[in-house]
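Notes to accompany the following structure.
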Amino acid sequence: MFFTKIPSLKKATEKKKIKIAQRPNYVYIPLINQNDENITRLVKKGDYIYKGQSVGRRKGNLRIPIPSSVSGTVVGFEEHTYLNGKKVKCVVIENDFKEKTERRLGVKKDLTKFTKEEFIERLQEMGIVGMGGTGFPTYVKYNTNKKIHTLIINAVECEPYITADFALLKEHVEEILEAIDAVMEICHIDETLIAVKKENTELIELLSNFVGTYLKMKIAPVSNRYPSGWEKGLVYQLKRVSYQVTSVERGIIVSNVSTMYAIYEALKYHAPLTERVVTFTGEMLKDPQNIQVKIGTKVSELIETIGGYHKGDDLYFVAGGPMMGKSLPDDDLVVSANLNCVLVLPKQKEQEATTCIRCGKCVEHCPAKLSPVLIARAKGDVKKLQKLQADRCIECGLCSYICPARINVREKVVEAKKLLEESSE
Ligand code: SF4
Ligand code: SF4
């Protein structure tokens, strides 16, 4: 596996404790899961909503509810920016600050006392999705008859700036390990490897103090280079196993740290996924922080509560990290379950891209072993794109990062990938 050394840039938030956000007056729950807006809306204007009640549900095979993060009244529907940069319809709920729930939340003492069927049902009912960026419904991963021998917990956080999972592990390591132990027991998994960057000695030391009591769990240090947290690359580094579509086909499940914490809350407290930790960072923020926020909170309001922006340069916003994130024109973004970072940088004077000098660097550095330059040149020729396997792009951004001609190669490859996806529908 060919990974690339890039700067980590995590200093601004890596030592900071998680700050709990003020409760918002309104939340804007985006009616989308992954990039699928094919959602059945379950509420109308004027409805009273309990915290955790579903405001929508994804249709089709990947049915998953979308829970409200507050109790209160539905006051309307508005479009706001989602993680993918698009405007998406959101349910606007006026918070009554009562945190009322439909059911009394009983506490489960022993998390291993779920049958596999109850576990799957709980994950689905609580709206648990992949929080590392994918948003893929988690119950689907675990709902397999295939023997799962290995669970990999992805604590690598290989993109620069992001420290949300690191902060969560530091403050909730015992809960996360308890959830892993329960998942192993319920799904009859033989071993768990907790993947951490080799250079993150603080996390390795912390985990070493707790993992010892769980005999089937091991800390698995991985490459410091980017993108060592990419799922396929991780599975190959740790198990020397390759797969086509999902790691489940080879008896391996990969779950991210935040997702595992959401599983803990779902099993322990019957709590739907309504909050997450997001890293707010970048040179233009006065006080970068890891913040625990309610899903549906406006990013602009959250930034105000941590002191706002530095004056001077124009602002450049990214939803997600600098490599895989989506650049945005403004801060009209709402927090979704799969948003791990908001990055605010000074807007660079546009450096014009020059012509490709055919240096081959994008090919040399592509971890998916693609030819980004050729995909970019194929310009919509579906047959060529199929041959070049543009659909295998993991959108890591290395081709753009490495290109000396400053060509946004990733954007062109992602467009090609979308075209292939559409042409196969
Ligand atoms: S964005 Fe896609 S094409 Fe570019 S380096 Fe990453 S995987 Fe390769
Ligand atoms: S890295 Fe940039 S200049 Fe070099 S081959 Fe790829 S697109 Fe062309």
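Chain labels follow the order of the structure tokens: the first chain is A, the next B, and so on; residue numbering restarts at 1 in every chain, and ligands are counted from 1 in their shown order.
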
**Nearby polymer residues, ligand 2, at most 7 Å, only C-alpha atoms and all ligand atoms, as a VMD selection string** = chain A and resid 355 to 363 372 to 373 399 402 to 407 409

**Asked** Would you name the residues within 12 Å of ligand 1, counting only C-alpha atoms and all ligand atoms, and put them as an MDAnalysis selection string?
**Response** chainID A and resid 2:4 226:227 230 232:233 323:325 360:376 385 388:403 407:417

Residues from the last selection, C-alpha atoms, saved as a CSV table (one decimal), in the first residue's frame:
chain,number,residue,atom,x,y,z
A,2,PHE,CA,1.4,3.3,-1.0
A,3,PHE,CA,0.6,6.1,1.5
A,4,THR,CA,1.9,9.7,1.5
A,226,TYR,CA,-2.2,9.4,4.6
A,227,PRO,CA,-4.8,7.7,4.0
A,230,TRP,CA,-9.0,4.3,4.6
A,232,LYS,CA,-9.6,-1.0,2.4
A,233,GLY,CA,-6.1,0.1,3.2
A,323,MET,CA,-8.3,16.3,1.9
A,324,MET,CA,-11.8,14.7,1.6
A,325,GLY,CA,-14.0,17.5,2.8
A,360,GLY,CA,2.8,11.0,-13.3
A,361,LYS,CA,2.8,12.1,-9.6
A,362,CYS,CA,-1.0,11.7,-9.3
A,363,VAL,CA,-0.7,8.1,-10.6
A,364,GLU,CA,2.3,7.4,-8.3
A,365,HIS,CA,0.5,8.6,-5.2
A,366,CYS,CA,-3.1,7.3,-5.8
A,367,PRO,CA,-3.7,4.7,-3.0
A,368,ALA,CA,-6.4,3.1,-5.0
A,369,LYS,CA,-3.9,2.5,-7.8
A,370,LEU,CA,-5.9,4.5,-10.4
A,371,SER,CA,-4.6,6.8,-13.2
A,372,PRO,CA,-6.2,10.1,-12.1
A,373,VAL,CA,-4.7,12.1,-15.0
A,374,LEU,CA,-6.2,9.7,-17.5
A,375,ILE,CA,-9.6,9.7,-15.8
A,376,ALA,CA,-9.6,13.5,-15.8
A,385,LEU,CA,-14.0,5.6,-17.5
A,388,LEU,CA,-10.0,3.1,-16.0
A,389,GLN,CA,-12.2,2.0,-13.0
A,390,ALA,CA,-13.0,5.6,-12.0
A,391,ASP,CA,-15.7,4.1,-9.7
A,392,ARG,CA,-12.9,2.8,-7.4
A,393,CYS,CA,-11.8,6.4,-6.4
A,394,ILE,CA,-12.0,6.8,-2.6
A,395,GLU,CA,-12.0,10.6,-3.0
A,396,CYS,CA,-8.9,10.9,-0.7
A,397,GLY,CA,-7.7,14.1,-2.5
A,398,LEU,CA,-4.1,13.1,-2.8
A,399,CYS,CA,-4.0,13.6,-6.6
A,400,SER,CA,-4.9,17.2,-6.2
A,401,TYR,CA,-2.6,17.7,-3.2
A,402,ILE,CA,0.4,16.3,-5.0
A,403,CYS,CA,-0.2,17.9,-8.5
A,407,ILE,CA,-5.0,20.9,-11.2
A,408,ASN,CA,-8.0,19.9,-9.1
A,409,VAL,CA,-7.7,16.3,-10.3
A,410,ARG,CA,-9.9,14.9,-7.5
A,411,GLU,CA,-12.8,17.0,-8.6
A,412,LYS,CA,-12.6,15.7,-12.1
A,413,VAL,CA,-12.2,12.1,-10.9
A,414,VAL,CA,-15.2,12.4,-8.6
A,415,GLU,CA,-17.3,13.8,-11.4
A,416,ALA,CA,-16.3,10.8,-13.5
A,417,LYS,CA,-17.2,8.5,-10.7

**Request:** List every residue of range 209-388 of chain A that DSSP, applied to the backbone of this structure, assigns to alpha helix (DSSP H), and report them as a ChimeraX atom specification.
**Result:** /A:209-211,231-239,257-269,299-305,361-365,372-377,382-387

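Nearest-residue note for Ile18 in chain A: choosing from A:Glu171, A:Glu199, A:Glu185, A:Glu191, the minimum distance belongs to A:Glu171, counting only C-alpha atoms.
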
Residues near Val70 in chain A, anyone? I mean within 6 Å using only C-alpha atoms, not counting same-chain ones fewer than 6 positions away, as a PDB file with C-alpha atoms, in the first residue's frame.
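Here's the written file selection.pdb:
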ATOM      1  CA  LYS A  51     -36.438  13.977  21.312  1.00  0.00           C
ATOM      2  CA  ASN A  95     -36.663  23.570  20.866  1.00  0.00           C
ATOM      3  CA  GLU A  99     -35.656  17.018  26.274  1.00  0.00           C
TER       4      GLU A  99
END

**Prompt:** Contacts of Ile39 in chain A at 6 Å or less, counting only C-alpha atoms, minus same-chain residues fewer than 3 places along, as a list in words?
**Reply:**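 With the cut-off at 6 Å, the set is Arg57, Arg58 and Lys59 of chain A.
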